$ cat entry28.pdb   # PDB, C-alpha atoms, pLDDT in the B column
ATOM      1  CA  MET A1167     -32.850 -25.781   4.073  1.00 50.00           C
ATOM      2  CA  GLU A1168     -35.783 -27.314   2.202  1.00 46.00           C
ATOM      3  CA  PRO A1169     -36.486 -31.077   2.538  1.00 50.00           C
ATOM      4  CA  GLY A1170     -34.350 -32.995   0.042  1.00 45.00           C
ATOM      5  CA  GLU A1171     -32.019 -30.042  -0.573  1.00 47.00           C
ATOM      6  CA  THR A1172     -28.329 -30.861  -0.431  1.00 72.00           C
ATOM      7  CA  GLN A1173     -26.386 -28.633   1.948  1.00 90.00           C
ATOM      8  CA  ARG A1174     -23.462 -26.863   0.338  1.00 95.00           C
ATOM      9  CA  ARG A1175     -20.166 -27.694   2.100  1.00 98.00           C
ATOM     10  CA  PRO A1176     -17.330 -25.767   0.484  1.00 98.00           C
ATOM     11  CA  TRP A1177     -13.601 -25.673   0.993  1.00 98.00           C
ATOM     12  CA  VAL A1178     -12.474 -22.285   2.274  1.00 98.00           C
ATOM     13  CA  VAL A1179      -9.469 -21.057   0.298  1.00 98.00           C
ATOM     14  CA  GLY A1180      -7.497 -18.223   1.845  1.00 98.00           C
ATOM     15  CA  VAL A1181      -4.986 -16.318  -0.272  1.00 98.00           C
ATOM     16  CA  SER A1182      -2.461 -14.323   1.772  1.00 98.00           C
ATOM     17  CA  GLY A1183       0.120 -11.765   0.701  1.00 97.00           C
ATOM     18  CA  ALA A1184       3.074 -14.063  -0.007  1.00 97.00           C
ATOM     19  CA  SER A1185       4.426 -14.408  -3.521  1.00 97.00           C
ATOM     20  CA  GLY A1186       2.824 -17.379  -5.253  1.00 97.00           C
ATOM     21  CA  THR A1187      -0.586 -16.418  -6.606  1.00 98.00           C
ATOM     22  CA  PRO A1188      -0.183 -19.044  -9.411  1.00 98.00           C
ATOM     23  CA  TYR A1189      -0.248 -21.692  -6.659  1.00 98.00           C
ATOM     24  CA  ALA A1190      -3.590 -20.367  -5.431  1.00 98.00           C
ATOM     25  CA  ALA A1191      -4.986 -20.288  -8.966  1.00 98.00           C
ATOM     26  CA  ALA A1192      -3.944 -23.900  -9.579  1.00 98.00           C
ATOM     27  CA  VAL A1193      -5.511 -25.071  -6.305  1.00 98.00           C
ATOM     28  CA  LEU A1194      -8.741 -23.251  -7.112  1.00 98.00           C
ATOM     29  CA  ARG A1195      -8.862 -24.781 -10.592  1.00 98.00           C
ATOM     30  CA  GLY A1196      -8.189 -28.219  -9.093  1.00 98.00           C
ATOM     31  CA  LEU A1197     -10.987 -27.899  -6.551  1.00 98.00           C
ATOM     32  CA  LEU A1198     -13.495 -26.740  -9.146  1.00 98.00           C
ATOM     33  CA  ALA A1199     -12.448 -29.468 -11.593  1.00 98.00           C
ATOM     34  CA  ALA A1200     -13.094 -32.027  -8.834  1.00 98.00           C
ATOM     35  CA  GLY A1201     -16.617 -30.682  -8.393  1.00 98.00           C
ATOM     36  CA  GLU A1202     -15.887 -29.001  -5.070  1.00 98.00           C
ATOM     37  CA  SER A1203     -17.525 -25.788  -3.890  1.00 98.00           C
ATOM     38  CA  VAL A1204     -15.227 -22.951  -2.814  1.00 98.00           C
ATOM     39  CA  ASP A1205     -15.529 -20.058  -0.396  1.00 98.00           C
ATOM     40  CA  LEU A1206     -12.754 -17.603  -1.264  1.00 98.00           C
ATOM     41  CA  VAL A1207     -11.029 -15.086   1.007  1.00 98.00           C
ATOM     42  CA  VAL A1208      -8.428 -12.852  -0.642  1.00 98.00           C
ATOM     43  CA  SER A1209      -6.487 -10.781   1.879  1.00 98.00           C
ATOM     44  CA  ARG A1210      -5.741  -7.115   1.318  1.00 96.00           C
ATOM     45  CA  ALA A1211      -2.010  -7.799   1.055  1.00 97.00           C
ATOM     46  CA  SER A1212      -2.546 -10.589  -1.475  1.00 98.00           C
ATOM     47  CA  ARG A1213      -4.342  -8.206  -3.803  1.00 98.00           C
ATOM     48  CA  LEU A1214      -1.121  -6.212  -4.101  1.00 98.00           C
ATOM     49  CA  THR A1215       0.798  -9.409  -4.842  1.00 98.00           C
ATOM     50  CA  LEU A1216      -1.807 -10.490  -7.394  1.00 98.00           C
ATOM     51  CA  LEU A1217      -1.586  -7.129  -9.123  1.00 98.00           C
ATOM     52  CA  ASP A1218       2.208  -7.325  -9.182  1.00 97.00           C
ATOM     53  CA  GLU A1219       2.389 -10.938 -10.395  1.00 97.00           C
ATOM     54  CA  THR A1220      -0.472 -10.900 -12.910  1.00 96.00           C
ATOM     55  CA  GLY A1221      -1.537  -7.313 -13.535  1.00 96.00           C
ATOM     56  CA  ILE A1222      -5.038  -8.197 -12.313  1.00 97.00           C
ATOM     57  CA  ALA A1223      -6.750  -5.903  -9.795  1.00 97.00           C
ATOM     58  CA  PHE A1224      -9.028  -8.018  -7.588  1.00 97.00           C
ATOM     59  CA  ARG A1225     -12.059  -5.883  -6.726  1.00 96.00           C
ATOM     60  CA  ASP A1226     -14.852  -6.784  -4.309  1.00 95.00           C
ATOM     61  CA  ALA A1227     -17.480  -5.224  -6.552  1.00 95.00           C
ATOM     62  CA  HIS A1228     -16.267  -7.161  -9.612  1.00 97.00           C
ATOM     63  CA  TRP A1229     -14.718 -10.202  -7.964  1.00 98.00           C
ATOM     64  CA  ARG A1230     -16.344 -12.783 -10.240  1.00 98.00           C
ATOM     65  CA  GLU A1231     -14.979 -11.221 -13.423  1.00 98.00           C
ATOM     66  CA  ASP A1232     -11.566 -10.657 -11.837  1.00 98.00           C
ATOM     67  CA  LEU A1233     -11.446 -14.231 -10.512  1.00 98.00           C
ATOM     68  CA  ALA A1234     -12.360 -15.687 -13.902  1.00 98.00           C
ATOM     69  CA  GLU A1235      -9.599 -13.662 -15.562  1.00 98.00           C
ATOM     70  CA  TRP A1236      -7.101 -14.748 -12.892  1.00 98.00           C
ATOM     71  CA  LEU A1237      -7.908 -18.461 -13.098  1.00 98.00           C
ATOM     72  CA  ALA A1238      -7.776 -18.395 -16.897  1.00 98.00           C
ATOM     73  CA  ARG A1239      -4.188 -17.148 -16.779  1.00 97.00           C
ATOM     74  CA  GLY A1240      -1.263 -19.585 -16.898  1.00 97.00           C
ATOM     75  CA  ALA A1241       1.657 -19.516 -14.505  1.00 96.00           C
ATOM     76  CA  ASP A1242       3.715 -17.874 -17.253  1.00 95.00           C
ATOM     77  CA  GLY A1243       1.246 -14.982 -17.379  1.00 94.00           C
ATOM     78  CA  LYS A1244      -0.399 -16.034 -20.639  1.00 94.00           C
ATOM     79  CA  PRO A1245      -4.095 -15.052 -20.597  1.00 95.00           C
ATOM     80  CA  GLY A1246      -6.745 -17.520 -21.706  1.00 95.00           C
ATOM     81  CA  ALA A1247      -4.627 -20.598 -20.926  1.00 97.00           C
ATOM     82  CA  PHE A1248      -7.488 -22.263 -18.999  1.00 97.00           C
ATOM     83  CA  ARG A1249     -11.267 -22.329 -19.173  1.00 96.00           C
ATOM     84  CA  VAL A1250     -12.788 -22.303 -15.695  1.00 97.00           C
ATOM     85  CA  ASP A1251     -16.379 -22.147 -14.470  1.00 97.00           C
ATOM     86  CA  VAL A1252     -16.425 -20.027 -11.294  1.00 98.00           C
ATOM     87  CA  SER A1253     -20.170 -20.304 -10.677  1.00 97.00           C
ATOM     88  CA  ASP A1254     -19.662 -22.417  -7.528  1.00 97.00           C
ATOM     89  CA  VAL A1255     -17.312 -19.936  -5.878  1.00 98.00           C
ATOM     90  CA  ARG A1256     -18.513 -17.608  -3.137  1.00 98.00           C
ATOM     91  CA  HIS A1257     -16.348 -14.648  -2.227  1.00 98.00           C
ATOM     92  CA  TRP A1258     -16.114 -13.114   1.239  1.00 98.00           C
ATOM     93  CA  ALA A1259     -14.372  -9.784   1.806  1.00 97.00           C
ATOM     94  CA  ALA A1260     -11.302 -10.084   4.026  1.00 97.00           C
ATOM     95  CA  GLY A1261     -12.652  -7.444   6.407  1.00 97.00           C
ATOM     96  CA  ASP A1262     -16.049  -9.121   6.840  1.00 97.00           C
ATOM     97  CA  LEU A1263     -15.760 -10.731  10.266  1.00 97.00           C
ATOM     98  CA  ALA A1264     -19.490 -11.510  10.180  1.00 97.00           C
ATOM     99  CA  ALA A1265     -18.996 -13.748   7.121  1.00 98.00           C
ATOM    100  CA  GLY A1266     -20.033 -17.391   7.106  1.00 98.00           C
ATOM    101  CA  PRO A1267     -16.542 -18.902   7.601  1.00 98.00           C
ATOM    102  CA  SER A1268     -16.054 -16.833  10.776  1.00 98.00           C
ATOM    103  CA  SER A1269     -18.401 -19.188  12.629  1.00 98.00           C
ATOM    104  CA  GLY A1270     -17.951 -22.836  13.509  1.00 98.00           C
ATOM    105  CA  SER A1271     -21.624 -23.482  12.751  1.00 98.00           C
ATOM    106  CA  TYR A1272     -21.086 -22.574   9.097  1.00 98.00           C
ATOM    107  CA  PRO A1273     -20.683 -25.902   7.243  1.00 97.00           C
ATOM    108  CA  VAL A1274     -17.347 -26.290   5.436  1.00 98.00           C
ATOM    109  CA  LYS A1275     -15.056 -29.242   4.661  1.00 98.00           C
ATOM    110  CA  GLY A1276     -11.887 -27.459   5.743  1.00 98.00           C
ATOM    111  CA  MET A1277      -9.528 -24.684   4.722  1.00 99.00           C
ATOM    112  CA  LEU A1278      -6.515 -24.305   2.449  1.00 99.00           C
ATOM    113  CA  ILE A1279      -4.230 -21.273   2.804  1.00 98.00           C
ATOM    114  CA  VAL A1280      -2.325 -20.883  -0.466  1.00 98.00           C
ATOM    115  CA  PRO A1281       0.126 -19.212  -0.392  1.00 98.00           C
ATOM    116  CA  ALA A1282       0.651 -18.562   3.312  1.00 98.00           C
ATOM    117  CA  SER A1283       2.893 -15.648   4.245  1.00 98.00           C
ATOM    118  CA  THR A1284       4.898 -15.653   7.466  1.00 97.00           C
ATOM    119  CA  ALA A1285       2.632 -12.878   8.764  1.00 97.00           C
ATOM    120  CA  CYS A1286      -0.375 -15.115   8.090  1.00 98.00           C
ATOM    121  CA  VAL A1287       1.361 -18.066   9.774  1.00 98.00           C
ATOM    122  CA  ALA A1288       2.045 -15.931  12.846  1.00 98.00           C
ATOM    123  CA  GLY A1289      -1.508 -14.620  13.007  1.00 98.00           C
ATOM    124  CA  VAL A1290      -3.048 -18.084  12.778  1.00 98.00           C
ATOM    125  CA  ALA A1291      -0.557 -19.656  15.213  1.00 98.00           C
ATOM    126  CA  LEU A1292      -1.217 -16.924  17.769  1.00 97.00           C
ATOM    127  CA  GLY A1293      -4.984 -16.862  17.183  1.00 96.00           C
ATOM    128  CA  LEU A1294      -5.025 -13.153  16.370  1.00 96.00           C
ATOM    129  CA  SER A1295      -8.029 -13.267  13.981  1.00 96.00           C
ATOM    130  CA  LYS A1296      -7.191  -9.807  12.676  1.00 96.00           C
ATOM    131  CA  ASP A1297      -9.082 -10.477   9.428  1.00 98.00           C
ATOM    132  CA  LEU A1298     -11.455 -13.079   7.998  1.00 98.00           C
ATOM    133  CA  LEU A1299      -8.625 -15.249   6.675  1.00 98.00           C
ATOM    134  CA  GLN A1300      -7.060 -15.628  10.113  1.00 98.00           C
ATOM    135  CA  ARG A1301     -10.438 -15.987  11.820  1.00 98.00           C
ATOM    136  CA  ALA A1302     -11.557 -18.714   9.404  1.00 98.00           C
ATOM    137  CA  ALA A1303      -8.304 -20.588  10.019  1.00 98.00           C
ATOM    138  CA  SER A1304      -8.775 -20.354  13.798  1.00 98.00           C
ATOM    139  CA  VAL A1305     -12.317 -21.664  13.423  1.00 98.00           C
ATOM    140  CA  THR A1306     -11.050 -24.529  11.256  1.00 98.00           C
ATOM    141  CA  LEU A1307      -8.593 -25.549  13.973  1.00 98.00           C
ATOM    142  CA  LYS A1308     -11.053 -25.299  16.844  1.00 98.00           C
ATOM    143  CA  GLU A1309     -13.627 -27.339  14.932  1.00 98.00           C
ATOM    144  CA  ARG A1310     -10.956 -29.994  14.174  1.00 98.00           C
ATOM    145  CA  ARG A1311     -11.400 -29.623  10.431  1.00 98.00           C
ATOM    146  CA  PRO A1312      -8.568 -30.060   7.917  1.00 98.00           C
ATOM    147  CA  LEU A1313      -6.304 -27.019   7.593  1.00 98.00           C
ATOM    148  CA  VAL A1314      -3.491 -26.984   5.023  1.00 98.00           C
ATOM    149  CA  VAL A1315      -0.976 -24.140   5.267  1.00 98.00           C
ATOM    150  CA  ALA A1316       1.165 -23.799   2.123  1.00 98.00           C
ATOM    151  CA  VAL A1317       3.883 -21.544   3.496  1.00 98.00           C
ATOM    152  CA  ARG A1318       5.854 -19.651   0.836  1.00 97.00           C
ATOM    153  CA  GLU A1319       8.913 -17.996   2.289  1.00 95.00           C
ATOM    154  CA  THR A1320      12.652 -18.589   2.382  1.00 96.00           C
ATOM    155  CA  PRO A1321      14.730 -18.628   4.476  1.00 96.00           C
ATOM    156  CA  LEU A1322      12.671 -19.268   7.595  1.00 97.00           C
ATOM    157  CA  ASN A1323      13.773 -17.795  10.907  1.00 97.00           C
ATOM    158  CA  GLY A1324      13.438 -19.490  14.273  1.00 98.00           C
ATOM    159  CA  GLN A1325      10.313 -17.587  15.238  1.00 98.00           C
ATOM    160  CA  THR A1326       8.429 -18.681  12.109  1.00 98.00           C
ATOM    161  CA  LEU A1327       9.659 -22.257  12.531  1.00 98.00           C
ATOM    162  CA  ARG A1328       8.281 -22.311  16.076  1.00 98.00           C
ATOM    163  CA  GLN A1329       4.953 -20.969  14.813  1.00 98.00           C
ATOM    164  CA  LEU A1330       4.831 -23.675  12.132  1.00 98.00           C
ATOM    165  CA  VAL A1331       5.469 -26.309  14.800  1.00 98.00           C
ATOM    166  CA  ALA A1332       2.605 -24.806  16.800  1.00 98.00           C
ATOM    167  CA  LEU A1333       0.315 -25.139  13.782  1.00 98.00           C
ATOM    168  CA  ASP A1334       1.396 -28.736  13.276  1.00 98.00           C
ATOM    169  CA  GLU A1335       0.693 -29.504  16.938  1.00 98.00           C
ATOM    170  CA  ALA A1336      -2.730 -27.863  16.582  1.00 98.00           C
ATOM    171  CA  GLY A1337      -3.583 -30.280  13.769  1.00 98.00           C
ATOM    172  CA  ALA A1338      -2.742 -28.304  10.641  1.00 98.00           C
ATOM    173  CA  VAL A1339      -0.783 -29.722   7.722  1.00 98.00           C
ATOM    174  CA  VAL A1340       2.263 -27.508   7.123  1.00 98.00           C
ATOM    175  CA  LEU A1341       3.055 -27.800   3.415  1.00 98.00           C
ATOM    176  CA  PRO A1342       5.969 -25.703   2.116  1.00 98.00           C
ATOM    177  CA  ALA A1343       5.523 -24.613  -1.493  1.00 97.00           C
ATOM    178  CA  SER A1344       8.454 -26.742  -2.666  1.00 96.00           C
ATOM    179  CA  PRO A1345       8.175 -28.083  -6.221  1.00 95.00           C
ATOM    180  CA  ALA A1346       9.704 -31.481  -7.040  1.00 93.00           C
ATOM    181  CA  PHE A1347      11.364 -32.441 -10.298  1.00 91.00           C
ATOM    182  CA  TYR A1348      10.882 -36.220 -10.500  1.00 89.00           C
ATOM    183  CA  ALA A1349       7.536 -35.787 -12.262  1.00 87.00           C
ATOM    184  CA  GLY A1350       9.237 -34.647 -15.466  1.00 87.00           C
ATOM    185  CA  ALA A1351       8.402 -30.941 -15.343  1.00 92.00           C
ATOM    186  CA  THR A1352       9.105 -29.114 -18.597  1.00 93.00           C
ATOM    187  CA  HIS A1353       7.222 -25.876 -17.922  1.00 95.00           C
ATOM    188  CA  ILE A1354       6.701 -23.494 -15.020  1.00 96.00           C
ATOM    189  CA  GLN A1355       3.051 -24.609 -14.908  1.00 97.00           C
ATOM    190  CA  ASP A1356       4.190 -28.171 -14.173  1.00 97.00           C
ATOM    191  CA  LEU A1357       6.095 -26.992 -11.088  1.00 97.00           C
ATOM    192  CA  VAL A1358       3.152 -24.910  -9.905  1.00 98.00           C
ATOM    193  CA  ASP A1359       0.737 -27.790 -10.469  1.00 98.00           C
ATOM    194  CA  PHE A1360       2.947 -30.147  -8.445  1.00 97.00           C
ATOM    195  CA  VAL A1361       2.629 -27.931  -5.367  1.00 98.00           C
ATOM    196  CA  ALA A1362      -1.096 -27.426  -5.971  1.00 98.00           C
ATOM    197  CA  GLY A1363      -1.520 -31.169  -6.331  1.00 98.00           C
ATOM    198  CA  ARG A1364       0.233 -31.816  -3.035  1.00 98.00           C
ATOM    199  CA  VAL A1365      -2.113 -29.315  -1.361  1.00 98.00           C
ATOM    200  CA  LEU A1366      -5.103 -31.182  -2.805  1.00 98.00           C
ATOM    201  CA  ASP A1367      -3.557 -34.507  -1.730  1.00 98.00           C
ATOM    202  CA  ALA A1368      -3.381 -33.226   1.839  1.00 98.00           C
ATOM    203  CA  ALA A1369      -7.051 -32.259   1.614  1.00 98.00           C
ATOM    204  CA  GLY A1370      -8.053 -35.622   0.121  1.00 98.00           C
ATOM    205  CA  VAL A1371      -9.311 -34.060  -3.112  1.00 98.00           C
ATOM    206  CA  PRO A1372      -8.694 -36.157  -6.255  1.00 98.00           C
ATOM    207  CA  HIS A1373      -6.837 -34.547  -9.149  1.00 98.00           C
ATOM    208  CA  ARG A1374      -4.509 -35.211 -12.080  1.00 95.00           C
ATOM    209  CA  LEU A1375      -2.195 -32.247 -11.704  1.00 96.00           C
ATOM    210  CA  TYR A1376       1.103 -34.137 -11.658  1.00 95.00           C
ATOM    211  CA  ARG A1377       2.668 -37.503 -12.478  1.00 92.00           C
ATOM    212  CA  ARG A1378       2.931 -39.601  -9.339  1.00 92.00           C
ATOM    213  CA  TRP A1379       6.009 -41.526  -8.289  1.00 88.00           C
ATOM    214  CA  LYS A1380       5.771 -45.147  -9.445  1.00 84.00           C
ATOM    215  CA  GLY A1381       8.940 -46.521  -7.907  1.00 86.00           C
ATOM    216  CA  GLU A1382      10.990 -46.417 -11.097  1.00 81.00           C
ATOM    217  CA  LEU A1383      14.081 -44.259 -11.454  1.00 85.00           C
ATOM    218  CA  GLY A1384      14.024 -42.097 -14.577  1.00 73.00           C
ATOM    219  CA  GLY A1385      10.276 -42.369 -15.104  1.00 67.00           C
ATOM    220  CA  GLY A1386       9.818 -38.626 -15.307  1.00 63.00           C
ATOM    221  CA  SER A1387      12.639 -38.115 -17.789  1.00 60.00           C
ATOM    222  CA  ARG A1388      11.155 -40.730 -20.133  1.00 55.00           C
ATOM    223  CA  GLY A1389       7.855 -38.844 -20.233  1.00 52.00           C
ATOM    224  CA  ASP A1390       5.764 -42.017 -19.617  1.00 50.00           C
TER     225      ASP A1390
END

$ encode --input "entry28.pdb" --output "structure tokens"
Amino acid sequence: MEPGETQRRPWVVGVSGASGTPYAAAVLRGLLAAGESVDLVVSRASRLTLLDETGIAFRDAHWREDLAEWLARGADGKPGAFRVDVSDVRHWAAGDLAAGPSSGSYPVKGMLIVPASTACVAGVALGLSKDLLQRAASVTLKERRPLVVAVRETPLNGQTLRQLVALDEAGAVVLPASPAFYAGATHIQDLVDFVAGRVLDAAGVPHRLYRRWKGELGGGSRGD
């Protein structure tokens, strides 16, 4: 690094194969809107989910164009709903175990896994590191950096619950993708943005994705 140059310290965002790619898109938009840098890892399984939920094929060779199209799409599938600058996103292939986030010496602020499948939860809890997403999460834990795991599955069996407890004990924030309704949601995007906002809250990233509770009953229904 040259003298006077500011070192880039991104958030690693891992997208696993659970349903919920609109949650990931909303978190990514929120990070970029807050001026944060992003290192993105899209698992192989999540690409199938993304294709199924949006019709977008995420390709390593054309990831920037595919990402821009994905982030521009609303939770209802409408294209062009958002305008997003993806110039401060760096993409790492899920199979690249020599990538930057696979090492603790690579400077990052922390990691957000959105959505997190139960297979991803198990892999991280057990330290399997079978792909870059799991390896980056293991590195985040060992380096005592913030790790937010937005698990998206229901119902949860005992084995997964024990693995989530293990992640909590290791220092991760376990954040189920559970939308709330007190914020006056009137559209599917509002529900998605609530979960994304809670993920950003856990990471300490400022945003304006949802109306916060002010201690007044009926505040959301009044639209104030």

$ closest_residue --input "entry28.pdb" --among "A:Gly1293, A:Pro1188, A:Gly1381, A:Gly1261" --to "A:Val1207" --atoms "only C-alpha atoms"
A:Gly1261

$ atom_distance --input "entry28.pdb" --atom1 "atom CA of A:Asp1367" --atom2 "atom CA of A:Leu1233"
23.5 Å

$ atom_distance --input "entry28.pdb" --atom1 "atom CA of A:Tyr1376" --atom2 "atom CA of A:Leu1217"
27.3 Å

$ resolve_selection --input "entry28.pdb" --expression "the PyMOL selection byres ((chain A and resi 1266) around 12)" --output "list in words"
Arg1175, Pro1176, Val1178, Asp1205, Leu1206, Val1207, Arg1256, His1257, Trp1258, Ala1259, Ala1260, Asp1262, Leu1263, Ala1264, Ala1265, Pro1267, Ser1268, Ser1269, Gly1270, Ser1271, Tyr1272, Pro1273, Val1274, Leu1298, Leu1299, Arg1301, Ala1302 and Val1305 of chain A

$ atom_distance --input "entry28.pdb" --atom1 "atom CA of A:Ala1338" --atom2 "atom CA of A:Pro1312"
6.7 Å

$ closest_residue --input "entry28.pdb" --among "A:Val1358, A:Ala1336, A:Leu1330, A:Leu1194" --to "A:Arg1310" --atoms "all atoms listed in the file"
A:Ala1336
